[in-house]
Amino acid sequence: MRHILIIFSLFLFSFIIFSCSEKEESSTTPTTSSPLFVSVGNSGTILTSSDGTTWTSKTSGTNKHLYGVTYGNSTFVVTGDNGTILTSSDGTTWTARTSGTTNKLYRGTYGNSTFVVVGDNATGSGTILTSPDGTTWTSRTSGTSLRLWDVTYANSTFVVVGMTGTLLTSSDGTSWTSRTSGSTEHLWGVTYGNSTFVVVGDNKTGGVGTLLTSSDGTTWTSRTSGASTELWGVTYGNSTFVVVGPSGSIYTSSDGTSLTSRTSGITNDLWRITYGNSIFVTVSGNWYPNSGGGDILTSSDGISWTSRTSGTTERLHGVTYKE
């Protein structure tokens with residue numbers, strides 16, 4: 001009997017030690033989500049980076065040109081030619097989804113538990129699609145027959161921009177209202193920061209790049225950008241708006257009302273820009289001629305830029321970041 005009690009005591013002591021050790025290991029093991037930049041471009045190009053410096057090519061499963069990428073609901077959504085939509089949870093493995101359209105899909109965003117993507121007008125109307133999960137997509141009535149280039153969500157409002165001054169807003173992504181932009185220029189990019197929506201666009205009529213601001217997405221004010229080029233992409237981070245455009249042009253602004261030119265160090269066209277992990281990342285793809293690009297530049301402040309090796313010369317059209 002004594003031997004049994006001794007064996008039982010040793011077993012109980014070992015069990016307690018093992019349990020405490022396992023509990024301590026579990027409590028000290030952090031649960032983290034890896035930060036990731038994703039860039040997309042021509043011929044199905046998808047690149048990823050954890051830091052914006054070192055980039056890796058991924059298999060997209062398509063040779064279609066890819067124009068936009070966004071992240072939300074633990075999902076990356078990529079948009080492109082012929083209604084192409086791809087999704088991924090990790091940026092590595094990609095799945096093709098049925099969009100229900102053959103129109104080009106340019107950009108997307110996520111907000112109010114909804115993905116919204118916008119695109120071309122080959123079927124006679126500016127394309128807007130919505131999805132709760134990136135998998136199942138529904139076509140929405142935009143109320144315009146013009147191409148729609150970009151979309152963002154902030155301040156409980158979706159804002160869409162497009163050709164000849166087109167500006168649309170929606171609270172839910174389903175019903176859309178046309179707004180007066182005060183411009184007839186093509187509007188290429190939209191972002192939100194510092195309690196302000198900022199829209200950028202062409203410079204065909206005024207000789208300077210179009211710059212519009214709004215506090216609510218409804219009433220818009222034209223600003224004197226001072227930019228001698230068209231303005232194609234815009235983002236906000238580190239208390240700074242950064243705008244990119246043709247021939248390596250980069251501009252910064254603290255408030256979105258005027259721009260200061262910066263030196264990028266390249267002459268290829270810069271299409272899109274994002275901010276994350278305390279750095280700005282912008283990507284290039286030449287418009288004329290319709291080839292060349294693949295540049296990736298990074299900056300901590302939007303002023304000084306460093307070229308990174310992308311591993312591709314394909315045109316890169318889109319870039320995003322997820323924490």
# chains A, B, ... in the order shown; residues from 1 in each chain; ligands from 1
>>> residues_around(residues="A:Asn286", least_positions_apart="5", cutoff="12 Å", atoms="only C-alpha atoms", output="number ranges by chain")
A: 41-42, 245-248, 266-271, 291-295, 313-317
>>> atom_distance(atom1="atom CA of A:Trp149", atom2="atom CA of A:Ser34")
29.7 Å
>>> residues_around(residues="stretch 141-144 of chain A", least_positions_apart="4", cutoff="12 Å", atoms="only C-alpha atoms", output="PyMOL selection string")
chain A and resi 116-121+123-130+148+159-170+173-179
>>> residues_around(residues="A:Gly80", least_positions_apart="2", cutoff="7 Å", atoms="only C-alpha atoms", output="PDB file with N, CA and C atoms, in the first residue's frame")
ATOM      1  N   LYS A  64      -3.818  37.416 -66.810  1.00  0.00           N
ATOM      2  CA  LYS A  64      -4.514  38.683 -67.005  1.00  0.00           C
ATOM      3  C   LYS A  64      -3.759  39.814 -66.317  1.00  0.00           C
ATOM      4  N   HIS A  65      -3.906  41.016 -66.880  1.00  0.00           N
ATOM      5  CA  HIS A  65      -3.336  42.184 -66.217  1.00  0.00           C
ATOM      6  C   HIS A  65      -4.130  42.467 -64.942  1.00  0.00           C
ATOM      7  N   LEU A  66      -3.408  42.715 -63.857  1.00  0.00           N
ATOM      8  CA  LEU A  66      -4.025  42.969 -62.559  1.00  0.00           C
ATOM      9  C   LEU A  66      -3.795  44.428 -62.195  1.00  0.00           C
ATOM     10  N   TYR A  67      -4.870  45.128 -61.797  1.00  0.00           N
ATOM     11  CA  TYR A  67      -4.804  46.578 -61.616  1.00  0.00           C
ATOM     12  C   TYR A  67      -4.883  47.043 -60.158  1.00  0.00           C
ATOM     13  N   GLY A  68      -5.573  46.299 -59.319  1.00  0.00           N
ATOM     14  CA  GLY A  68      -5.773  46.782 -57.956  1.00  0.00           C
ATOM     15  C   GLY A  68      -5.714  45.674 -56.935  1.00  0.00           C
ATOM     16  N   VAL A  78      -7.855  41.030 -55.269  1.00  0.00           N
ATOM     17  CA  VAL A  78      -7.157  41.584 -56.429  1.00  0.00           C
ATOM     18  C   VAL A  78      -8.127  41.689 -57.593  1.00  0.00           C
ATOM     19  N   ASN A  82     -10.948  41.742 -67.765  1.00  0.00           N
ATOM     20  CA  ASN A  82     -12.025  40.774 -68.034  1.00  0.00           C
ATOM     21  C   ASN A  82     -12.752  40.314 -66.782  1.00  0.00           C
ATOM     22  N   GLY A  83     -12.938  41.234 -65.848  1.00  0.00           N
ATOM     23  CA  GLY A  83     -13.679  40.907 -64.634  1.00  0.00           C
ATOM     24  C   GLY A  83     -12.926  40.037 -63.656  1.00  0.00           C
ATOM     25  N   THR A  84     -11.607  39.974 -63.790  1.00  0.00           N
ATOM     26  CA  THR A  84     -10.800  39.119 -62.918  1.00  0.00           C
ATOM     27  C   THR A  84     -10.871  39.570 -61.467  1.00  0.00           C
ATOM     28  N   ILE A  85     -11.178  38.624 -60.590  1.00  0.00           N
ATOM     29  CA  ILE A  85     -11.076  38.832 -59.149  1.00  0.00           C
ATOM     30  C   ILE A  85     -10.382  37.619 -58.539  1.00  0.00           C
ATOM     31  N   LYS A 104     -13.231  45.537 -67.233  1.00  0.00           N
ATOM     32  CA  LYS A 104     -12.017  45.712 -66.442  1.00  0.00           C
ATOM     33  C   LYS A 104     -12.394  46.222 -65.055  1.00  0.00           C
ATOM     34  N   LEU A 105     -11.774  45.640 -64.045  1.00  0.00           N
ATOM     35  CA  LEU A 105     -11.983  46.077 -62.668  1.00  0.00           C
ATOM     36  C   LEU A 105     -10.681  46.688 -62.169  1.00  0.00           C
ATOM     37  N   TYR A 106     -10.745  47.968 -61.758  1.00  0.00           N
ATOM     38  CA  TYR A 106      -9.524  48.717 -61.493  1.00  0.00           C
ATOM     39  C   TYR A 106      -9.096  48.710 -60.023  1.00  0.00           C
TER      40      TYR A 106
END
